[in-house]
Amino acid sequence: VTAPTAGALLVGEILYSGGAFEVEGLVPGFIASPVGYVVFAAYAGITPIFGENLAYTFTQPVNLVFYAILRLLCGLVGRVHTTAFYKARGFFSSLRIPRFVKPVIGLALSG
Amino acid sequence: VALDLSILVSLAFLFGIAAQFKAADGYSFLRGLISTLEGRLGVMYAVVAVTAVFSPFVLNDVLVLILTPVLVSYSKESGTDIAPLLVAEVTFTNIAGSLTPLGNPQNILLWQASGISAGQFVAGTWLPLVASGAIAALLLFKFRAKVANRNGAAPRIGSWAPAAYLAGSAAIVFFMNYVGIPNVVALGLAFAMGFAFTLKNPRRLAGEFDLRSLLILWALVGAVALLGAVIGPVILPYVAPAATAGQPYTAGFFGLVSAAISNVPATQLVLSTTTVTPHAAPILAVDAGLAGNIDPISSFANLLALLMVRRSGLSVRKAIVLQLVIGLVAFLPAAL
């Protein structure tokens, strides 16, 4: 909710795999998401999602380079996450154990 | 909110000029011109020449709308890769469209907001755009031999009336601007002059006026202006340095933001958040325009071209990768 641009992009790609994109939905998404965010902000305010005490003052434009690198790293982490998710699902599907035991294993692993 | 009625009306007149051009048979004219130039330059550089000459005077989306079907048919008839043709079209439409206030929507926004004349605008944009165009033309040279010319009968130029109209409308805007007449009036007169070419067929003009795209653009600009008004204080530390045209920050800002939300919303976000000085407006126009070449989202002209090619059944993956490489290298003059 607090990332309107990301929301517009997400709705365009969430229906597809392999990097495909609903191009026709992008521009309407760019119109709808700022309006939706403004309506949300009118009630909830524009406080950052992690709180207003995380003070950060932007002083060094060069930091944008690191943001760009962070963006790439986040993309890679997302890729690792989805790959690990499907690998884990495949692994547990192949296990010949009672179905109710599978979430118990997951529960034990997650602590 | 840095959005007033004159900006919305100016955008409407810009679409009106594009509609007059199309109604004056701009489609046939541009297709014939490419066919004529193809024999001398090869089809790829014919596309480069046509887009470079006409993009400054008509909306970049219109050129894409006209030329992309031509490129698709070339690719299918000759069996050659569409990627270099598509990249040539989009790249030079974005570069040349950034030259004047008439070439794309973000230029109109910046021109209106800054209050400078059309001549001052061009004086501030031409140098980096020429440099970017030269770089892009050199990079495309490698692909020249891979694009075969079309076989069989090719369309010919019928009438030069569409070109005369664009030249006349540009002359009106520049002259009236020079004598101090408001931009919106100059654009309105340039639009009205088109009736000299299209009055015989008013239905065609009505059919060529892209009302849907205009309404979408108005809604988009309005939504971003609204967002800018709400979150302006939060993003001001990031946006304010970009509005001063200090380099390389401004180029980096437009490169990153346009790649995420496209160059028209990026420009409107700056205008809604802070004030753009007359000196900075042409520099921002260059940065936003050249940023439009980086990825498919960074310019609506890119999206439109890729969508049309994909609907024709051709692959766009190679074109996207090639566009990224050429767009990034051709973006470097934006930081000057």
# chains A, B, ... in the order shown; residues from 1 in each chain; ligands from 1

$ closest_atom_pairs --of "chain B" --to "chain A" --cutoff "8 Å" --atoms "only C-alpha atoms" --output "CSV"
residue,atom,partner,partner_atom,distance
B:Ile216,CA,A:Pro28,CA,7.7
B:Ala219,CA,A:Ile31,CA,6.4
B:Leu220,CA,A:Ile31,CA,5.0
B:Ala223,CA,A:Ile31,CA,5.7
B:Val224,CA,A:Pro34,CA,6.4
B:Leu226,CA,A:Val35,CA,7.4
B:Leu227,CA,A:Pro34,CA,5.6
B:Val230,CA,A:Val38,CA,6.9
B:Ile231,CA,A:Ile46,CA,7.1
B:Pro237,CA,A:Phe58,CA,6.3
B:Tyr238,CA,A:Phe58,CA,7.0
B:Tyr249,CA,A:Pro61,CA,6.4
B:Gly252,CA,A:Leu64,CA,7.8
B:Leu256,CA,A:Ala68,CA,8.0
B:Ala260,CA,A:Thr5,CA,7.7
B:Ile261,CA,A:Thr5,CA,6.8
B:Leu303,CA,A:Val23,CA,7.1
B:Leu307,CA,A:Val23,CA,7.1

$ atom_distance --atom1 "atom CA of B:Ser28" --atom2 "atom CA of B:Gly16"
18.7 Å

$ atom_distance --atom1 "atom CA of B:Ala137" --atom2 "atom CA of B:Thr80"
19.3 Å

$ residues_around --residues "B:Gln323" --least-positions-apart "6" --cutoff "10 Å" --atoms "only C-alpha atoms" --output "PyMOL selection string"
chain B and resi 83-84+86-88+90-91+293-296+302+317+329

$ write_last_selection --atoms "N, CA, C and O atoms" --output "PDB file, in the first residue's frame"
ATOM      1  N   ALA B  83      14.472  -6.538 -34.647  1.00  0.00           N
ATOM      2  CA  ALA B  83      15.042  -5.853 -33.475  1.00  0.00           C
ATOM      3  C   ALA B  83      15.812  -4.570 -33.832  1.00  0.00           C
ATOM      4  O   ALA B  83      15.531  -3.512 -33.251  1.00  0.00           O
ATOM      5  N   PRO B  84      16.783  -4.601 -34.782  1.00  0.00           N
ATOM      6  CA  PRO B  84      17.506  -3.356 -35.075  1.00  0.00           C
ATOM      7  C   PRO B  84      16.600  -2.257 -35.635  1.00  0.00           C
ATOM      8  O   PRO B  84      16.792  -1.084 -35.326  1.00  0.00           O
ATOM      9  N   LEU B  86      13.385  -1.830 -34.999  1.00  0.00           N
ATOM     10  CA  LEU B  86      12.552  -1.328 -33.909  1.00  0.00           C
ATOM     11  C   LEU B  86      13.366  -0.411 -32.986  1.00  0.00           C
ATOM     12  O   LEU B  86      12.900   0.656 -32.571  1.00  0.00           O
ATOM     13  N   VAL B  87      14.582  -0.837 -32.699  1.00  0.00           N
ATOM     14  CA  VAL B  87      15.441  -0.034 -31.820  1.00  0.00           C
ATOM     15  C   VAL B  87      15.793   1.297 -32.498  1.00  0.00           C
ATOM     16  O   VAL B  87      15.794   2.351 -31.844  1.00  0.00           O
ATOM     17  N   ALA B  88      16.057   1.251 -33.798  1.00  0.00           N
ATOM     18  CA  ALA B  88      16.351   2.494 -34.535  1.00  0.00           C
ATOM     19  C   ALA B  88      15.161   3.445 -34.458  1.00  0.00           C
ATOM     20  O   ALA B  88      15.319   4.647 -34.190  1.00  0.00           O
ATOM     21  N   VAL B  90      12.558   3.544 -32.235  1.00  0.00           N
ATOM     22  CA  VAL B  90      12.257   4.036 -30.888  1.00  0.00           C
ATOM     23  C   VAL B  90      13.343   4.989 -30.393  1.00  0.00           C
ATOM     24  O   VAL B  90      13.049   6.059 -29.843  1.00  0.00           O
ATOM     25  N   THR B  91      14.603   4.604 -30.617  1.00  0.00           N
ATOM     26  CA  THR B  91      15.711   5.425 -30.129  1.00  0.00           C
ATOM     27  C   THR B  91      15.677   6.824 -30.726  1.00  0.00           C
ATOM     28  O   THR B  91      15.758   7.829 -30.013  1.00  0.00           O
ATOM     29  N   ASN B 293      14.902   5.946 -23.529  1.00  0.00           N
ATOM     30  CA  ASN B 293      15.456   4.888 -24.384  1.00  0.00           C
ATOM     31  C   ASN B 293      15.961   3.678 -23.611  1.00  0.00           C
ATOM     32  O   ASN B 293      16.414   2.710 -24.219  1.00  0.00           O
ATOM     33  N   ILE B 294      15.911   3.743 -22.285  1.00  0.00           N
ATOM     34  CA  ILE B 294      16.620   2.716 -21.518  1.00  0.00           C
ATOM     35  C   ILE B 294      15.867   1.394 -21.432  1.00  0.00           C
ATOM     36  O   ILE B 294      16.426   0.337 -21.713  1.00  0.00           O
ATOM     37  N   ASP B 295      14.626   1.432 -21.028  1.00  0.00           N
ATOM     38  CA  ASP B 295      13.890   0.161 -20.921  1.00  0.00           C
ATOM     39  C   ASP B 295      12.475   0.328 -21.472  1.00  0.00           C
ATOM     40  O   ASP B 295      12.065   1.440 -21.805  1.00  0.00           O
ATOM     41  N   PRO B 296      11.706  -0.752 -21.600  1.00  0.00           N
ATOM     42  CA  PRO B 296      10.384  -0.642 -22.230  1.00  0.00           C
ATOM     43  C   PRO B 296       9.437   0.287 -21.485  1.00  0.00           C
ATOM     44  O   PRO B 296       8.573   0.916 -22.093  1.00  0.00           O
ATOM     45  N   ASN B 302       7.955   3.530 -26.357  1.00  0.00           N
ATOM     46  CA  ASN B 302       8.559   2.186 -26.342  1.00  0.00           C
ATOM     47  C   ASN B 302       7.495   1.119 -26.123  1.00  0.00           C
ATOM     48  O   ASN B 302       7.459   0.101 -26.816  1.00  0.00           O
ATOM     49  N   ARG B 317      11.964  -9.859 -27.457  1.00  0.00           N
ATOM     50  CA  ARG B 317      12.986 -10.046 -26.419  1.00  0.00           C
ATOM     51  C   ARG B 317      14.345  -9.450 -26.846  1.00  0.00           C
ATOM     52  O   ARG B 317      14.977  -8.724 -26.094  1.00  0.00           O
ATOM     53  N   VAL B 329      24.070   3.555 -23.489  1.00  0.00           N
ATOM     54  CA  VAL B 329      25.250   4.264 -24.023  1.00  0.00           C
ATOM     55  C   VAL B 329      24.836   5.629 -24.582  1.00  0.00           C
ATOM     56  O   VAL B 329      25.504   6.642 -24.351  1.00  0.00           O
TER      57      VAL B 329
END

$ closest_residue --among "B:Ala96, B:Leu290, B:Met176, B:Ile34" --to "B:Ile326" --atoms "only C-alpha atoms"
B:Leu290

$ residues_around --residues "stretch 79-88 of chain A" --least-positions-apart "4" --cutoff "12 Å" --atoms "only C-alpha atoms" --output "compact mmCIF listing (two decimals) with N, CA and C atoms, in the first residue's frame"
# COMPACT_ATOMS: atom_id res chain seq x y z
N SER A 17 4.59 -15.81 -15.80
CA SER A 17 5.91 -16.26 -15.38
C SER A 17 6.88 -15.99 -16.52
N GLY A 18 8.16 -16.13 -16.25
CA GLY A 18 9.17 -16.00 -17.31
C GLY A 18 9.38 -14.59 -17.80
N GLY A 19 9.07 -13.59 -16.97
CA GLY A 19 9.35 -12.21 -17.34
C GLY A 19 8.30 -11.57 -18.23
N LEU A 72 19.22 -4.36 -7.69
CA LEU A 72 19.61 -5.60 -8.38
C LEU A 72 19.70 -6.77 -7.40
N LEU A 73 20.31 -6.49 -6.23
CA LEU A 73 20.44 -7.54 -5.22
C LEU A 73 19.07 -8.02 -4.75
N CYS A 74 18.14 -7.09 -4.56
CA CYS A 74 16.79 -7.47 -4.13
C CYS A 74 16.13 -8.36 -5.20
N GLY A 75 16.40 -8.03 -6.45
CA GLY A 75 15.86 -8.86 -7.53
C GLY A 75 16.42 -10.27 -7.47
N PHE A 92 9.06 -31.86 -0.93
CA PHE A 92 8.06 -32.40 -0.02
C PHE A 92 6.99 -33.21 -0.76
N SER A 93 6.72 -32.84 -2.01
CA SER A 93 5.77 -33.64 -2.80
C SER A 93 6.31 -35.04 -3.05
N SER A 94 7.66 -35.13 -3.19
CA SER A 94 8.25 -36.43 -3.50
C SER A 94 8.40 -37.32 -2.25
N LEU A 95 8.28 -36.76 -1.07
CA LEU A 95 8.42 -37.55 0.17
C LEU A 95 7.22 -38.47 0.35
N LYS A 102 4.12 -33.39 6.90
CA LYS A 102 4.89 -32.38 6.13
C LYS A 102 4.84 -30.99 6.78
N PRO A 103 3.66 -30.47 7.13
CA PRO A 103 3.68 -29.16 7.82
C PRO A 103 4.36 -29.23 9.18
N ILE A 105 7.02 -30.94 9.83
CA ILE A 105 8.47 -30.78 9.54
C ILE A 105 8.78 -29.31 9.30
N GLY A 106 7.91 -28.68 8.52
CA GLY A 106 8.11 -27.26 8.25
C GLY A 106 8.09 -26.44 9.53

$ select_by_dssp --residues "stretch 80-154 of chain B" --states "helix (DSSP H, G or I)" --output "MDAnalysis selection string"
chainID B and resid 83:97 105:114 118:141 144:146
